[in-house]
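Some notes on the structure that comes next.
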Amino acid sequence: MADDDYARDEENIEDEEVDETSFRAVKDAVLFAIDVSSSMLEPRLSEDPKKSGQESPTSAALKCAYHLMQQRIISNPHDMIGVLLYGTESSKFYEEAGERGGDISYPHCHLFTDLDIPSAQDVKELRALAENEEEAREVLKPSKERVSMANVLFCANQIFTSKAPNFLSRRLFIVTDDDNPHGDSKSLRSAATVRARDLYDLGVNIELFPISRPDHEFDTSKFYDDIIYKTSPSDGEAPAYMQPDTNTSTAKGDGISLLNSLLSSINSRSVPKRSLFSNVPLEIGPNFKISVNGYLLLKRQEPARSCYVWLGGETPQIVKGITTQMADDTAQTVEKSEIRKAYKFGGEQVAFTPEELQALRHFGDPVIRIIGFKPLSDLPIWANVRHPSFIYPSEEDFIGSTRVFSALQQKLLKDEKMALVWFIPRKNAAPVVAAMIAGEEKIDENGVQKVPPGMWIIPLPFADDVRQNPESTMAVSPDPLTDAMREIIGQLQLPKGAYEPQKYPNPALQWHYRILQALALDEDHPGEPEDKTKPKYRQIDKVSDDDEETDASCSSILIDSQRAGDYVLAWSDQLDAAFDKMFGGTAATKSTLVKRGPKENADSAGGPPAKRVKTEAGAGGVDEEVKRCYEKGTVSKLTAPVLKEFLTAHGRSAAGKKADLVDRVEQFFEHK
Amino acid sequence: MAEKEATVYIVDVGKSMGERRHGRSVTDLEWAMQYVWDRITTTVATGRKTATVGVVALRSDETSNDLQEDASFSKISVLQNLGQLLMPDIRRLRDAIKPSQTNRGDAISSVVIAIQMINTYTKKLKYKRKIVLVTNGTGPMNNEQLDEIQRKIQDDGIELVILGADFDDAEFGVKEEDKDTHKASNEILLQAFAEGCGGAFGTLEQAVSELEIPRIKVTKSMPSFKGFISLGDASKYETAMRIPVERYFRTYVAKPPSASSFAMRSGGQGQEAAEAGAGQSTSGGEALTTVRMSRTYQINDESAPGGKVDVERDDLAKGYEYGRTAVHISQTDENITSLETFAGLEIIGFVQMNKYDRYLHMSNTNVIIPQRANDKASLALSSLIHALFEQETYAVARLVTKEAKPPIVVLLAPSIEQDYECLIEATLPFAEDVRSYRFPPLDKVVTVSGKVITEHRNLPNEELQQAMSDYVDKMELDGEELPIDDSYSPLLHRIESAVRYRAVHPNEPILEPSEQLTKFAHPDKQLVKKAKDSLEKLISAANVKKVPPKTKGRKRLREAEKPLSGLDVDALLKQEPKRTKISAENAVPEFKQMLSRADSLDIIRDAVKQMGSIIETQIKHSLGDANYDRAVEGLGTMREELVDYEEPALYNDFLSALKAKILAEELGGDRKELWWLVRKSKLGLIDQATSEVSKVTEEEAKEFFSAT
């Protein structure tokens, strides 16, 4: 396992988001500060009688925090999250730690989840609170006395100072519906602004999630414009301040839409912006450079690898593995500086000094150099080797970068062109030739930015990376057959004819963490996994009015109430006809294409179209045969090749001994 | 399996090969060997036992071959019999191939010897047979029995290549002036000889120049999935469609060879190492020994010294982290967290081509082709390919390549060529793969108050837009296709050729990358010339100013240090009575604020002194490493601020004093780990490169860390 991990590390080096300039740890800490006042606790009924459930702003905020906590366990396993409730009757702040708490107290601030990498217990408690369970309700009792915002902010300051020192990114998410907590009290206001300034100087970013009251629009100018700063000084990379999304900030609606808009707004800020490379020159022409930052907006999220757990104590403990390198002949530990890299060649090693190795990797300083432009249509769909990088201008090295970048981006968008670039993202990175294409800004239904405006760099394959097409037989489809397929395609368009990644959570990843959560919290097995990537089989077959009604909101396939399946059957007829014509009737083919219904025999099938399906020596034939044997209990009499063909045809593994194959076939029928 | 190979290189080492001609800096032999070594080392680099090489020297001082009893085979030496060539052979050949003292030795006879070698070695087995003769064509050549030899070459299926220095080649454009008549007739003889048996005849210059063009390794792809592309669930519905297909790589990144780690043999064994070194090809005479990894396991234990204890591998079980909670998974449940899946390529739905963003491709690409030798499958898939193409749509599908593998969502695009049809498949992102970082719009500026502005210093004016548009149009590349076929992975080929070069020339420095590899590093000169005027216009319209490096880190955000309302918080801060002493709880903000208010150096000094004592107290009272991050944060803040305020000496003095205290263990015992953290965080002395007013040189700053 260790070797595997090592190899994986090597591969991922290129993608690591590093900050070479700062002494700070590239980690993120998010502290929710959630207002618990009587108006925040007021449930907002849904106007739509069908959608049951009521949601108060506080419970919506807690659900968001819970959701974010779960999500970050998967996506940012080393980042911290905490939940501070304020305006509560009770106060809680590090009581256990005798060191503090005694002399400084923060009345009506209840630190519900301490800022830390969440534990299973934290998840459980926060869920209980979000779901408003009995014992949790005690906590959500508003205080009669007004809480001092200066105190809340300083409380947050102390949490960040002690729990997340030296983090590159520290963010305070304030969720409130009170746009003017201190009214005209000058002293309280100025105390709060001073504490806000402290947070700013500490490098903590305050992000406000304002909630409008049904009768009152949230007005940031009353108080919060004095609290919030444009950028945090430690986050120099962050471009200009982004407006809070207007639609969300004024979310007045019922509880559910409030929750949704809040979720979407928090989701969009769930990860701190970390650059992949910063201030790389974009060389538009010789002697004409601007500077850009690079980001990784698309990256395969993998489950964290398994680790070793020590079971000798009361609770299982994660073990830290330490690798030492030893010389093979003397078994002495070798220091890093004594390691030499060498290549195997002719039965020996060909060695280079570390300086030489570095020089071999050096093809010049980091740069994105435009070597020309081409129409976007010249970028073949197959010419891809990995995920793209996103770039956005930075004024750090060249004043005026933004406007030049903007001019280029708009030109490329308008004329559907791309730039061909020579791309070295960072020092000593392997250069690639890449296509640079412009990307348009996209906004979701809540007014939250979904895809930022900028440009994408798509590394192109080198000649070395292009594989020859394998040999393949060609049989060009005649028009009637193609037309029949077109009918099917026309029926099964995804909503808006586009692929929306947000609609497809990774089922394996989610299941992995779902199970871990159940194990960690000692819950029951969660039963069936949810898998949105599974096609909507019933809809592909046919859609009744009833189906449409219930599935409309979540379905991924829009379809008219026609039977899409009918078109498939029509296509199947065309296929048989075309095949007969082109290849002379019932010439032996290895497989049939349209599978019969599971129960009925082809010849006696009730539906007329199925009758053409051939049985001899086809997959259908194997199916029939295996099924008959299963019913008779003679599966073990079948030969291994038949079993293998059957299993492969049903997506099952065909590896192992015959007995395993028989087991698997029997399992297949038992589970049906 | 790659085909077995038997190649014999005949190198002319005659006396005349040692001469430099036509102003070349290398002798004919050195020139010829550039080609021969490149070919030989390329074969060696494959590491294949069945790629065999033999080497014959023509016009050598000695005679050493199987036919040497016959006088016509004199002055020909077999330097290397056919077999896998290894490093010791290369070293031996390197010493053996030197210009001789003779010009005698018949080239045609050497070919006969090579044929003989191949015959003996390969017998009648299946081999790729090849003879390469490199000469300058000035030696004697016997034209007897040429027909017979040619027939033999053809019968044995041997490919003959003859390359000559300064051989005339009208096609390549080489013509040697004042060629002596003997050489001219030799060239005619050799050309007729080679071409008469289906071989190749060429000039050395061309062969050497073509070495520049990297050779691509052809990899045979294996199917990564064999199964069905389906629409609908065939086990439940009669209307499901299933087409048997196979999946192969279309692109796959060829990785540069990877280096392994070795340790240098310790100097104590000098003599021994030097001897062993003879068997090890290393550059600086260092002998290498392989490195083994050994792993130990630790857990946190506050009661233990250092807070950590070692645990035995046997007491460990597999598990996962869920947040900071360890979840143990017993061996019987090993697959409990994996999703149950079955192999298949199932269509989820269709999307319109013009609504697909090309940047969503997450991976290398694959081709989906019909099952081999299944005409009906070809026909069925063809109808899908053509229908997608005509409808201008792509399919989105769920792919599981093997039972129990995690599903991925893929895009299926139609690809129709003259004689090839397939679906191109690329991985699409899942919801979790998309990170939503938000950026302001590029075509407008939205102010804090929500106003939309279209004229702003961050937005291009009309002049700039026009200039950009003209420039982009001028810089349009010719040709219909992207230059993928003649772009070569620079790193891969550079490392490969460096390894080959080093194997033959162990004492020479590494070479610059060849021109071919950096062909796309810069725009074409002609194109740049064409667009020169547009570029100048663009530059003037853009009016981009480089930020002088000195002011880069400088308090450039000063004016931004106000809240959105623009309220002067500094004025409020001044009224705060408590803020003359920096408090330990709120040290970082108060330190910064004290500096920003400072109107004399004394106050800065005082702030640094207070901050310093807070940091020292934190270190002193730290339980284990508990306060180290806070101390580093304080130190880092101090360093940053003092660089900005151009008072590096204050930081440097403090850090020197701190180092002394840590080394003297005056801050609560052994704090070396903290010092290591300070080093890692690059919080050393502020040197002149960082701050001009510093008196510390870069070397001194380096020295400061290395000396303990």
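Letters for chains follow the order of the structure tokens (A, B, ...), residue numbers begin at 1 for each chain, and ligand numbers begin at 1 in the order shown.
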All residues 9 Å or closer to Gly54 of chain B, only C-alpha atoms, same chain fewer than 4 positions away omitted, as a compact mmCIF listing (two decimals) with C-alpha atoms, in the first residue's frame:
# COMPACT_ATOMS: atom_id res chain seq x y z
CA ALA B 6 18.68 -8.43 -34.94
CA THR B 7 20.57 -5.39 -36.18
CA VAL B 8 24.23 -5.27 -37.16
CA TYR B 9 25.94 -1.90 -37.38
CA ILE B 10 29.01 -1.77 -39.60
CA VAL B 78 33.48 -8.11 -35.13
CA LEU B 79 33.42 -5.87 -32.06
CA GLN B 80 30.17 -7.15 -30.69
CA ASN B 81 28.30 -10.30 -31.52
CA LEU B 82 24.54 -10.18 -31.73
CA GLY B 83 22.86 -10.11 -28.33
CA GLN B 84 21.28 -7.72 -25.88
CA LEU B 85 23.60 -4.81 -25.43
CA ALA B 114 27.07 -9.11 -41.10
CA MET B 117 26.34 -13.04 -38.11
CA ILE B 118 22.61 -12.64 -38.52
* Asked: So which residues touch His525 of chain A within 12 Å, counting only C-alpha atoms, skipping near sequence neighbours fewer than 5 positions away, as an NGL selection string?
  -> (:A and (511 or 514-520)) or (:B and (336-337))
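Excluding Tyr392 of chain A itself and same-chain residues fewer than 5 positions from it, the residues having an atom within 8 Å of it are Val292, Asn293, Gly294, Gly454 and Met455 of chain A, counting only C-alpha atoms.
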* Structure fact -> One residue among B:Ile686, B:Val36, B:Ala326, B:Ile113 is nearest to chain A when using only C-alpha atoms, and that residue is B:Ala326
* Asked: Among segment 46-175 of chain B, which ones does DSSP place in alpha helix (DSSP H), written as a ChimeraX atom specification?
  -> /B:46,87-96,107-122,146-155
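You can rank A:Gly183, A:Leu84, A:Glu207, A:Glu131 by their closest distance to Cys155 of chain A using only C-alpha atoms, and at the top of that list sits A:Leu84.
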